[in-house]
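Structure file query38.csv (CSV, C-alpha atoms) is printed below.
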```csv
chain,number,residue,atom,x,y,z
A,1,MET,CA,117.0,-10.1,184.7
A,2,LYS,CA,118.7,-12.7,182.5
A,3,SER,CA,122.5,-13.4,182.3
A,4,LEU,CA,124.7,-11.0,180.5
A,5,THR,CA,125.6,-13.8,178.1
A,6,GLU,CA,122.2,-13.2,176.6
A,7,LEU,CA,122.8,-9.4,176.2
A,8,PHE,CA,126.3,-9.7,174.8
A,9,ARG,CA,126.1,-12.2,172.0
A,10,CYS,CA,129.0,-12.8,169.6
A,11,GLY,CA,127.7,-13.4,166.0
A,12,MET,CA,127.5,-12.2,162.4
A,13,GLY,CA,125.9,-8.9,161.5
A,14,PRO,CA,124.2,-7.0,160.2
A,15,SER,CA,121.2,-7.2,162.6
A,16,SER,CA,120.7,-9.0,165.9
A,17,SER,CA,116.9,-9.0,165.4
A,18,HIS,CA,117.0,-9.8,161.6
A,19,THR,CA,119.9,-12.2,161.3
A,20,ILE,CA,121.2,-13.6,164.7
A,21,ALA,CA,117.8,-14.4,166.2
A,22,PRO,CA,116.4,-16.0,163.0
A,23,GLU,CA,119.6,-18.0,162.5
A,24,ASN,CA,119.4,-19.3,166.1
A,25,ALA,CA,115.7,-20.0,165.9
A,26,CYS,CA,116.0,-21.9,162.7
A,27,ARG,CA,119.0,-23.9,164.0
A,28,ASP,CA,117.0,-24.8,167.2
A,29,PHE,CA,113.9,-25.7,165.1
A,30,LEU,CA,116.0,-28.1,163.0
A,31,ALA,CA,117.5,-29.6,166.1
A,32,GLU,CA,114.0,-30.5,167.3
A,33,TYR,CA,112.3,-31.2,164.0
A,34,GLY,CA,115.1,-32.3,161.6
A,35,GLY,CA,114.5,-34.9,158.9
A,36,LEU,CA,111.2,-33.5,157.6
A,37,ASP,CA,110.6,-33.2,153.8
A,38,THR,CA,110.6,-29.4,153.4
A,39,TYR,CA,110.5,-26.2,155.4
A,40,LYS,CA,109.2,-22.7,155.1
A,41,VAL,CA,109.9,-19.5,157.0
A,42,MET,CA,107.3,-16.8,156.8
A,43,LEU,CA,108.5,-13.3,157.7
A,44,TYR,CA,106.1,-10.6,158.9
A,45,GLY,CA,106.1,-7.0,160.1
A,46,SER,CA,109.5,-5.3,160.2
A,47,LEU,CA,111.2,-8.6,159.3
A,48,ALA,CA,109.3,-8.7,156.0
A,49,LYS,CA,109.7,-5.0,155.3
A,50,THR,CA,113.5,-4.7,155.9
A,51,GLY,CA,114.5,-8.4,155.7
A,52,LYS,CA,116.0,-8.1,152.3
A,53,GLY,CA,118.2,-5.2,153.3
A,54,HIS,CA,119.1,-7.0,156.6
A,55,MET,CA,119.8,-10.2,154.7
A,56,THR,CA,117.4,-12.2,156.7
A,57,ASP,CA,116.5,-14.5,153.8
A,58,ARG,CA,120.2,-15.2,153.2
A,59,VAL,CA,121.0,-16.2,156.7
A,60,ILE,CA,118.0,-18.5,156.9
A,61,THR,CA,118.9,-20.2,153.6
A,62,LYS,CA,122.5,-20.5,154.9
A,63,THR,CA,121.4,-22.0,158.2
A,64,PHE,CA,119.3,-24.7,156.5
A,65,GLY,CA,122.2,-25.5,154.1
A,66,ASN,CA,121.2,-28.3,151.7
A,67,ILE,CA,117.8,-28.8,153.4
A,68,PRO,CA,114.9,-27.6,151.2
A,69,VAL,CA,113.6,-24.3,152.6
A,70,THR,CA,111.4,-21.5,151.2
A,71,VAL,CA,111.6,-18.0,152.7
A,72,GLU,CA,108.5,-15.8,152.1
A,73,PHE,CA,107.8,-12.2,153.0
A,74,ASP,CA,104.4,-11.0,154.1
A,75,PRO,CA,104.6,-7.3,155.1
A,76,GLU,CA,100.8,-6.9,155.3
A,77,LYS,CA,99.9,-9.3,158.1
A,78,LYS,CA,98.2,-7.7,161.0
A,79,ASP,CA,97.6,-8.5,164.7
A,80,LEU,CA,101.2,-9.6,165.3
A,81,PRO,CA,102.5,-10.2,168.8
A,82,HIS,CA,105.7,-8.3,168.0
A,83,PRO,CA,106.9,-6.2,165.0
A,84,ASN,CA,109.5,-8.9,164.5
A,85,THR,CA,107.4,-12.0,164.0
A,86,PHE,CA,108.0,-15.1,161.9
A,87,ASP,CA,106.8,-18.6,161.5
A,88,ILE,CA,109.0,-21.7,160.9
A,89,ILE,CA,107.0,-24.5,159.4
A,90,GLY,CA,108.1,-28.1,158.7
A,91,TYR,CA,106.2,-30.3,156.2
A,92,THR,CA,106.0,-34.1,155.7
A,93,GLY,CA,104.2,-35.3,152.6
A,94,GLY,CA,102.9,-31.8,152.0
A,95,GLU,CA,101.2,-31.6,155.4
A,96,VAL,CA,102.4,-29.4,158.3
A,97,SER,CA,104.3,-31.6,160.8
A,98,ALA,CA,105.7,-28.8,163.1
A,99,LYS,CA,105.3,-25.1,163.4
A,100,TRP,CA,106.8,-22.4,165.6
A,101,ARG,CA,105.5,-18.8,165.9
A,102,VAL,CA,108.6,-16.9,166.8
A,103,THR,CA,109.2,-13.3,167.9
A,104,SER,CA,112.7,-11.7,167.6
A,105,ILE,CA,112.7,-9.5,170.7
A,106,GLY,CA,116.1,-7.7,170.2
A,107,GLY,CA,119.7,-8.3,170.8
A,108,GLY,CA,119.6,-11.7,169.1
A,109,ALA,CA,117.1,-13.2,171.6
A,110,TYR,CA,113.8,-14.8,170.5
A,111,LYS,CA,110.7,-16.4,172.0
A,112,VAL,CA,108.5,-19.2,170.7
A,113,LYS,CA,104.8,-19.0,171.4
A,114,GLY,CA,103.7,-21.8,173.7
A,115,LYS,CA,107.2,-22.8,174.7
A,116,LYS,CA,108.4,-22.0,178.2
A,117,ASN,CA,111.5,-19.9,178.4
A,118,THR,CA,114.4,-22.2,179.3
A,119,SER,CA,116.6,-19.4,180.4
A,120,PRO,CA,115.8,-18.5,184.0
A,121,ASP,CA,116.4,-15.1,185.7
A,122,CYS,CA,119.7,-15.0,187.6
A,123,TYR,CA,119.4,-11.5,189.0
A,124,PRO,CA,117.1,-11.0,192.0
A,125,HIS,CA,116.5,-7.3,191.3
A,126,LYS,CA,114.5,-5.8,188.4
A,127,ASN,CA,115.5,-2.1,188.2
A,128,PHE,CA,118.4,0.2,188.8
A,129,ARG,CA,117.1,1.6,192.1
A,130,GLU,CA,116.9,-1.9,193.6
A,131,ILE,CA,120.4,-2.7,192.3
A,132,GLU,CA,121.9,0.5,193.6
A,133,GLU,CA,120.4,0.0,197.0
A,134,TYR,CA,121.7,-3.6,197.2
A,135,CYS,CA,125.2,-2.4,196.1
A,136,ALA,CA,125.2,0.3,198.8
A,137,GLN,CA,124.1,-2.1,201.5
A,138,ASN,CA,126.8,-4.6,200.6
A,139,ASN,CA,129.5,-2.0,199.7
A,140,ILE,CA,130.1,-3.4,196.2
A,141,ARG,CA,130.3,-1.9,192.8
A,142,LEU,CA,128.1,-2.7,189.8
A,143,PHE,CA,130.6,-5.1,188.2
A,144,GLU,CA,130.9,-7.0,191.5
A,145,TYR,CA,127.1,-7.2,191.6
A,146,ALA,CA,127.2,-8.8,188.2
A,147,GLU,CA,129.9,-11.3,189.3
A,148,ARG,CA,127.8,-12.1,192.4
A,149,PHE,CA,124.6,-13.1,190.6
A,150,ASP,CA,125.5,-14.0,187.0
A,151,VAL,CA,126.4,-17.4,185.7
A,152,ASN,CA,129.6,-19.1,186.6
A,153,GLY,CA,132.4,-18.0,184.3
A,154,ILE,CA,130.9,-14.7,183.4
A,155,ARG,CA,134.3,-12.9,183.6
A,156,ASP,CA,135.8,-15.4,181.2
A,157,TYR,CA,132.9,-14.9,178.9
A,158,MET,CA,133.4,-11.1,179.0
A,159,PHE,CA,137.1,-11.5,178.1
A,160,GLU,CA,135.9,-13.3,175.0
A,161,VAL,CA,133.4,-10.5,174.3
A,162,TRP,CA,136.2,-7.9,174.6
A,163,THR,CA,138.4,-10.0,172.2
A,164,VAL,CA,135.7,-10.1,169.6
A,165,MET,CA,135.1,-6.3,170.0
A,166,GLN,CA,138.8,-5.5,169.5
A,167,ASP,CA,139.1,-7.9,166.5
A,168,ALA,CA,136.2,-6.1,164.9
A,169,ILE,CA,137.8,-2.7,165.3
A,170,ALA,CA,141.2,-4.1,164.0
A,171,ARG,CA,139.6,-5.5,160.9
A,172,GLY,CA,137.5,-2.4,160.2
A,173,LEU,CA,140.5,-0.1,160.5
A,174,LYS,CA,142.4,-1.9,157.8
A,175,THR,CA,139.6,-2.6,155.3
A,176,ASP,CA,138.4,-0.2,152.6
A,177,GLY,CA,136.1,-0.5,149.6
A,178,VAL,CA,132.3,-0.2,149.2
A,179,LEU,CA,129.7,-1.9,151.3
A,180,ASP,CA,127.3,-4.3,149.6
A,181,GLY,CA,123.6,-3.3,149.3
A,182,GLY,CA,123.4,-0.8,146.4
A,183,LEU,CA,123.8,2.5,148.4
A,184,ASN,CA,127.5,2.8,147.3
A,185,VAL,CA,128.5,3.5,150.9
A,186,LYS,CA,132.3,3.6,151.1
A,187,ARG,CA,134.1,2.4,154.2
A,188,LYS,CA,135.5,5.3,156.1
A,189,ALA,CA,137.1,3.9,159.3
A,190,LYS,CA,140.5,3.4,157.7
A,191,THR,CA,140.6,7.0,156.4
A,192,LEU,CA,139.3,8.4,159.7
A,193,TYR,CA,142.0,6.6,161.6
A,194,ALA,CA,144.9,7.3,159.3
A,195,THR,CA,144.2,10.9,158.3
A,196,ASN,CA,145.0,13.8,160.7
A,197,ASN,CA,145.1,17.5,160.2
A,198,VAL,CA,148.2,19.6,160.8
A,199,PHE,CA,146.1,21.8,163.1
A,200,GLU,CA,144.6,18.9,165.0
A,201,ASP,CA,144.5,19.4,168.8
A,202,GLY,CA,143.9,16.8,171.5
A,203,MET,CA,140.1,17.1,171.5
A,204,THR,CA,139.9,16.9,167.7
A,205,ARG,CA,142.1,13.8,167.7
A,206,GLU,CA,140.0,12.2,170.4
A,207,ASN,CA,136.8,12.8,168.3
A,208,ARG,CA,138.5,11.4,165.1
A,209,LEU,CA,139.8,8.3,166.7
A,210,VAL,CA,136.6,7.4,168.7
A,211,CYS,CA,134.6,7.9,165.6
A,212,ALA,CA,137.1,5.8,163.6
A,213,PHE,CA,136.7,2.9,166.0
A,214,ALA,CA,132.9,3.2,166.0
A,215,PHE,CA,132.9,3.3,162.1
A,216,ALA,CA,135.1,0.3,162.1
A,217,VAL,CA,132.7,-1.9,164.0
A,218,GLY,CA,129.6,-0.5,162.2
A,219,GLU,CA,131.2,-1.2,158.8
A,220,GLU,CA,132.2,-4.7,159.9
A,221,ASN,CA,128.6,-5.3,161.1
A,222,ALA,CA,127.2,-4.0,157.8
A,223,SER,CA,129.4,-6.4,155.9
A,224,CYS,CA,128.3,-9.4,158.0
A,225,GLY,CA,131.5,-9.5,160.0
A,226,ARG,CA,131.7,-11.0,163.5
A,227,ILE,CA,130.7,-8.5,166.2
A,228,VAL,CA,129.1,-8.3,169.6
A,229,THR,CA,125.6,-7.2,170.3
A,230,ALA,CA,126.0,-4.2,172.6
A,231,PRO,CA,123.1,-4.4,173.0
A,232,THR,CA,122.3,-5.0,169.3
A,233,CYS,CA,124.2,-5.3,166.0
A,234,GLY,CA,123.0,-2.0,164.7
A,235,ALA,CA,124.4,-0.3,167.8
A,236,ALA,CA,127.4,-2.5,168.2
A,237,GLY,CA,130.1,0.2,167.6
A,238,VAL,CA,129.4,2.6,170.5
A,239,LEU,CA,130.6,0.6,173.5
A,240,PRO,CA,133.8,-0.9,172.0
A,241,ALA,CA,134.8,2.5,170.4
A,242,VAL,CA,134.7,4.3,173.8
A,243,LEU,CA,136.5,1.5,175.7
A,244,TYR,CA,139.1,0.9,173.0
A,245,TYR,CA,140.0,4.6,172.8
A,246,TYR,CA,140.4,5.0,176.6
A,247,LYS,CA,142.2,1.6,177.0
A,248,ASN,CA,144.9,2.9,174.6
A,249,LYS,CA,144.9,6.5,176.0
A,250,TYR,CA,145.3,5.5,179.7
A,251,LYS,CA,146.7,1.9,179.3
A,252,TYR,CA,143.9,0.3,181.2
A,253,SER,CA,144.3,-3.4,181.7
A,254,ASP,CA,141.9,-5.9,180.2
A,255,GLU,CA,140.8,-6.7,183.8
A,256,LYS,CA,139.6,-3.1,184.2
A,257,ILE,CA,137.9,-3.2,180.8
A,258,VAL,CA,136.0,-6.3,181.8
A,259,ASN,CA,134.9,-4.5,184.9
A,260,ALA,CA,133.6,-1.8,182.7
A,261,LEU,CA,131.8,-4.2,180.4
A,262,LEU,CA,130.1,-5.9,183.3
A,263,THR,CA,128.9,-2.4,184.5
A,264,ALA,CA,127.7,-1.6,181.0
A,265,GLY,CA,125.9,-5.0,180.9
A,266,ILE,CA,123.9,-4.2,184.1
A,267,VAL,CA,122.7,-0.9,182.6
A,268,GLY,CA,121.8,-2.7,179.3
A,269,ASN,CA,120.0,-5.4,181.2
A,270,VAL,CA,117.9,-2.9,183.1
A,271,VAL,CA,116.7,-1.4,179.8
A,272,LYS,CA,116.1,-4.8,178.2
A,273,THR,CA,114.1,-6.0,181.2
A,274,ASN,CA,112.0,-3.0,181.8
A,275,ALA,CA,111.7,-1.6,178.3
A,276,SER,CA,113.1,-2.8,175.0
A,277,ILE,CA,116.3,-2.8,173.0
A,278,SER,CA,114.5,-3.6,169.8
A,279,GLY,CA,114.4,-0.9,167.0
A,280,ALA,CA,111.3,-2.5,165.6
A,281,GLU,CA,109.5,-2.2,168.9
A,282,CYS,CA,110.7,1.2,170.1
A,283,GLY,CA,112.8,2.9,167.4
A,284,CYS,CA,116.5,3.6,167.4
A,285,GLN,CA,116.3,5.2,170.9
A,286,ALA,CA,116.0,1.6,172.2
A,287,GLU,CA,119.2,0.5,170.3
A,288,ILE,CA,121.6,3.4,170.0
A,289,GLY,CA,120.2,5.1,173.1
A,290,THR,CA,120.8,2.0,175.2
A,291,ALA,CA,124.3,1.6,173.7
A,292,CYS,CA,125.1,5.2,174.6
A,293,SER,CA,124.0,4.5,178.2
A,294,MET,CA,126.0,1.4,178.4
A,295,ALA,CA,129.1,3.2,177.1
A,296,ALA,CA,128.6,6.0,179.5
A,297,ALA,CA,128.3,3.6,182.4
A,298,ALA,CA,131.4,1.7,181.3
A,299,LEU,CA,133.5,4.8,181.1
A,300,GLY,CA,132.2,5.9,184.5
A,301,GLU,CA,133.5,2.6,185.9
A,302,LEU,CA,136.9,3.1,184.3
A,303,PHE,CA,137.1,6.5,185.8
A,304,GLY,CA,136.2,5.2,189.3
A,305,MET,CA,133.0,7.2,189.5
A,306,SER,CA,130.4,6.5,192.2
A,307,ILE,CA,127.3,4.4,191.3
A,308,GLY,CA,125.3,7.6,191.6
A,309,GLN,CA,127.5,9.3,189.0
A,310,ILE,CA,127.4,6.2,186.8
A,311,GLU,CA,123.6,6.3,186.9
A,312,TYR,CA,123.5,9.9,186.0
A,313,ALA,CA,125.8,9.4,183.1
A,314,ALA,CA,123.7,6.5,181.8
A,315,GLU,CA,120.5,8.5,182.3
A,316,VAL,CA,121.8,11.6,180.4
A,317,ALA,CA,122.9,9.4,177.6
A,318,LEU,CA,119.5,7.7,177.2
A,319,GLU,CA,117.4,10.8,177.9
A,320,HIS,CA,118.9,12.7,175.0
A,321,HIS,CA,118.1,9.9,172.5
A,322,LEU,CA,114.4,9.9,173.4
A,323,GLY,CA,112.3,9.8,170.3
A,324,LEU,CA,115.1,8.8,168.0
A,325,THR,CA,113.6,7.0,165.0
A,326,CYS,CA,114.8,3.8,163.3
A,327,ASP,CA,114.6,4.6,159.6
A,328,PRO,CA,117.3,2.6,157.8
A,329,ILE,CA,117.6,3.6,154.1
A,330,LYS,CA,116.6,0.6,151.9
A,331,GLY,CA,116.5,-1.5,155.1
A,332,LEU,CA,120.3,-1.6,155.3
A,333,VAL,CA,122.3,-1.1,158.5
A,334,GLN,CA,124.4,1.6,156.8
A,335,ILE,CA,122.6,5.0,156.7
A,336,PRO,CA,122.1,6.4,159.2
A,337,CYS,CA,123.3,3.5,161.4
A,338,ILE,CA,127.1,3.6,161.0
A,339,GLU,CA,127.5,7.3,161.5
A,340,ARG,CA,125.0,7.3,164.4
A,341,ASN,CA,127.3,4.9,166.3
A,342,ALA,CA,130.1,7.4,166.1
A,343,VAL,CA,127.8,10.3,167.2
A,344,ALA,CA,126.5,8.2,170.2
A,345,ALA,CA,130.1,7.2,171.2
A,346,MET,CA,131.0,10.9,171.6
A,347,ARG,CA,127.7,11.6,173.4
A,348,ALA,CA,128.6,8.9,175.9
A,349,ILE,CA,131.8,10.7,176.7
A,350,ASN,CA,130.0,14.0,177.1
A,351,ALA,CA,127.5,12.4,179.4
A,352,VAL,CA,130.2,11.2,181.7
A,353,ASN,CA,131.8,14.6,181.8
A,354,LEU,CA,128.5,16.1,182.8
A,355,ALA,CA,127.9,13.5,185.4
A,356,ASN,CA,131.2,14.2,187.0
A,357,PHE,CA,130.1,17.7,187.9
A,358,LEU,CA,126.3,17.8,188.0
A,359,THR,CA,125.2,14.5,189.7
A,360,ASP,CA,124.0,16.3,192.9
A,361,SER,CA,121.6,18.4,190.9
A,362,ARG,CA,119.9,15.7,188.9
A,363,LYS,CA,116.1,15.3,189.0
A,364,ILE,CA,115.5,12.3,186.8
A,365,SER,CA,116.4,8.7,187.7
A,366,PHE,CA,117.6,6.1,185.2
A,367,ASP,CA,114.5,4.0,185.8
A,368,MET,CA,112.3,7.0,185.0
A,369,VAL,CA,114.0,7.6,181.6
A,370,VAL,CA,113.9,3.9,180.8
A,371,ALA,CA,110.1,3.8,181.4
A,372,THR,CA,109.7,7.0,179.4
A,373,MET,CA,111.7,5.6,176.5
A,374,TYR,CA,109.5,2.5,176.3
A,375,LYS,CA,106.3,4.6,176.4
A,376,THR,CA,107.7,6.9,173.7
A,377,GLY,CA,108.6,3.9,171.5
A,378,LYS,CA,105.1,2.5,171.9
A,379,ASP,CA,103.6,5.9,170.9
A,380,MET,CA,105.9,6.2,167.9
A,381,SER,CA,104.4,5.6,164.5
A,382,ARG,CA,105.3,2.2,163.1
A,383,ILE,CA,106.8,3.8,160.0
A,384,TYR,CA,109.6,5.1,162.3
A,385,ARG,CA,110.3,1.6,163.8
A,386,GLU,CA,112.6,-0.2,161.5
A,387,THR,CA,110.1,-0.5,158.6
A,388,ALA,CA,112.0,1.8,156.2
A,389,GLU,CA,108.7,3.4,155.4
A,390,GLY,CA,109.3,6.8,157.0
A,391,GLY,CA,112.0,9.4,157.9
A,392,LEU,CA,115.3,9.3,156.0
A,393,ALA,CA,114.3,6.0,154.4
A,394,LYS,CA,111.3,7.5,152.7
A,395,ALA,CA,113.1,10.8,152.0
A,396,TYR,CA,115.9,9.0,150.2
A,397,GLY,CA,113.5,7.0,148.2
A,398,THR,CA,111.9,10.1,146.7
A,399,ALA,CA,114.8,12.5,146.7
A,400,ASP,CA,116.1,13.9,143.4
A,401,ASP,CA,119.6,14.7,144.7
A,402,LYS,CA,120.7,11.3,145.9
```

I'd like the structure from this file rewritten - as structure tokens, please.
Amino acid sequence: MKSLTELFRCGMGPSSSHTIAPENACRDFLAEYGGLDTYKVMLYGSLAKTGKGHMTDRVITKTFGNIPVTVEFDPEKKDLPHPNTFDIIGYTGGEVSAKWRVTSIGGGAYKVKGKKNTSPDCYPHKNFREIEEYCAQNNIRLFEYAERFDVNGIRDYMFEVWTVMQDAIARGLKTDGVLDGGLNVKRKAKTLYATNNVFEDGMTRENRLVCAFAFAVGEENASCGRIVTAPTCGAAGVLPAVLYYYKNKYKYSDEKIVNALLTAGIVGNVVKTNASISGAECGCQAEIGTACSMAAAALGELFGMSIGQIEYAAEVALEHHLGLTCDPIKGLVQIPCIERNAVAAMRAINAVNLANFLTDSRKISFDMVVATMYKTGKDMSRIYRETAEGGLAKAYGTADDK
């Protein structure tokens, strides 16, 4: 498994696969092949079909700055190595001087065909069972496992991650207006946070506030604000919403929150290593399902639950997102994405509550549900994998009542 610095990436929304990875790849390409006459970026698959809504062309143009670049969309190209595939091409005198075939693999990460991955594995174990056994043998918790094997300075990095998460919530809670993109989606986080009901009880208030925090990050992401991939931009609101609510409720220190983030990172890393966190590859179960698992694991750590209970909470959270489609209307990370973050945040809390009582009766391991999620994603029709060609995206396009 890779470092958690590759799972938690701070960057601009609205999509880790469609904006952060293309931006990084183009920047790296220019660093290696700068000074050529002109450049072209060809987008294929999901990048071509929803790139406009995800603002892929805009971020590429911005990355090249004053350097001449053309962005083209080819949604019909077949035999792609990954649904998120694109070519970066540099020209001199009208002839190709350099070319990268790039795949955006989720969470802002990318691979270049023929280039060796320069980021080595830093964890010696590949699945949750192996990690759990190691922790038991060494009498350590999951966050201590992360500290033992990740890069130097990982705790400092996670403090930065937590700061960016909190800043995104703070901005989202005080901003109103309509999100760009043509759907006329109004920001709701500010209203959710400020409006209470005279009959509101403790549970209702918890639901409202957790949802407000998730909406805040989702709306910031949709408006190209700075967020943290957790594990992706489209699912960036789940983990910070849960942690922010319980930090305020129980006055947890930032040290405790970082422990929880490291724990969440291990869970997310297991999914990323053994399955996928890409909506274009495995549907929204890979994004929001993983985010829900990470939030459940983080909350379990805050509550001092055993690793077995944390595993069960993460498993329940992912299991009940199996088959969830990625069908963004007009390719925008707005509907159903923002609301879905809020629902998943509440589901993470419920998963922890179940795990607290039912761990000794569980039959399914986290590794089992991760493998099942990947297989389910591969079996899923491509129209439900971030192409905006099926599900709600198609229904909205043909509805008379929108």

I'd like a table as CSV: residues in segment 185-284 of chain A with an atom no more than 10 Å from segment 112-135 of chain A, each row giving the shortest atom pair and its distance in Å to one decimal, only C-alpha atoms counted, sorted by chain and rising residue number.
```
residue,atom,partner,partner_atom,distance
A:Ile266,CA,A:Phe128,CA,8.5
A:Val267,CA,A:Phe128,CA,7.6
A:Asn269,CA,A:Asn127,CA,9.0
A:Val270,CA,A:Asn127,CA,5.7
A:Val271,CA,A:Asn127,CA,8.5
A:Thr273,CA,A:Lys126,CA,7.2
A:Asn274,CA,A:Asn127,CA,7.3
```

(request) Using atom CA of Val217 of chain A and atom CA of Lys247 of chain A as the two end points, give the distance in Å to one decimal. (result)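 Spanning atom CA of Val217 of chain A to atom CA of Lys247 of chain A is a straight-line distance of 16.5 Å.
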
(request) Please provide as a ChimeraX atom specification all residues within 12 Å of segment 101-104 of chain A, with the sequence filter that same-chain residues fewer than 3 positions apart are discarded (counting only C-alpha atoms). (result) /A:15-26,28-29,41-47,56,80-89,98,107-115,232,276-281

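For the point (114.3, -32.8, 157.1) in file coordinates, the residues within 12 Å, using only C-alpha atoms, are Phe29, Leu30, Ala31, Glu32, Tyr33, Gly34, Gly35, Leu36, Asp37, Thr38, Tyr39, Lys40, Phe64, Gly65, Asn66, Ile67, Pro68, Val69, Ile89, Gly90, Tyr91, Thr92, Gly93, Ser97 and Ala98 of chain A.
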
(request) Pull the neighbourhood of (104.4, -7.3, 156.6) for me: all residues within 7 Å in file coordinates, counting all atoms listed in the file, as a list in words. (result)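 The distance filter leaves exactly Tyr44, Gly45, Ser46, Ala48, Lys49, Phe73, Asp74, Pro75, Glu76 and Lys77 of chain A.
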
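Atom CA of Leu239 of chain A is found 16.4 Å from atom CA of Leu173 of chain A.
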
(request) Work out how far apart atom CA of Trp162 of chain A and atom CA of Gln309 of chain A are and give it in Å to one decimal. (result) 24.1 Å

(request) Compile the contact shell of Ala355 of chain A as a ChimeraX atom specification: residues with an atom at most 12 Å away, counting only C-alpha atoms, same-chain residues fewer than 5 positions apart removed. (result) /A:296-297,299-300,303,305-317,348-350,360-362

(message) So that I can see what lies close to segment 177-181 of chain A, please list as a list in words the residues with an atom at most 9 Å from it, counting all atoms listed in the file and leaving out residues fewer than 2 positions away in the same chain.
(response)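 Neighbouring residues, sequence-local ones excluded: Gly53, Thr175, Leu183, Asn184, Val185, Lys186, Arg187, Lys188, Glu219, Ala222, Ser223, Lys330, Leu332 and Gln334 of chain A.
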
(message) When you look at segment 151-157 of chain A with a cut-off of 10 Å (counting only C-alpha atoms), what residues show up, excluding the ones that are within fewer than 2 positions of it in the same chain? I need them as a ChimeraX atom specification.
(response) /A:2-5,8,122-123,143,146-149,159-163,255,258-259,261-262

(request) Identify which of the residues A:Ala170, A:Val370, A:Cys224, A:Ala351 lies closest to Thr290 of chain A, counting all atoms listed in the file when measuring atom-to-atom distances. (result)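 Looking at the shortest contact to Thr290 of chain A, the residue is A:Val370.
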
(message) I need the residue nearest Pro14 of chain A from this list: A:Ala286, A:Ile338, A:Ile364, A:Met1. Use all atoms listed in the file for the distance.
(response) A:Ile338

(request) May I have the residues within 8 Å of Gly172 of chain A as a list in words, using all atoms listed in the file and disregarding those fewer than 6 positions away in the same chain? (result) Ala189, Lys190, Phe213, Phe215, Ala216, Val217, Glu219 and Glu220 of chain A
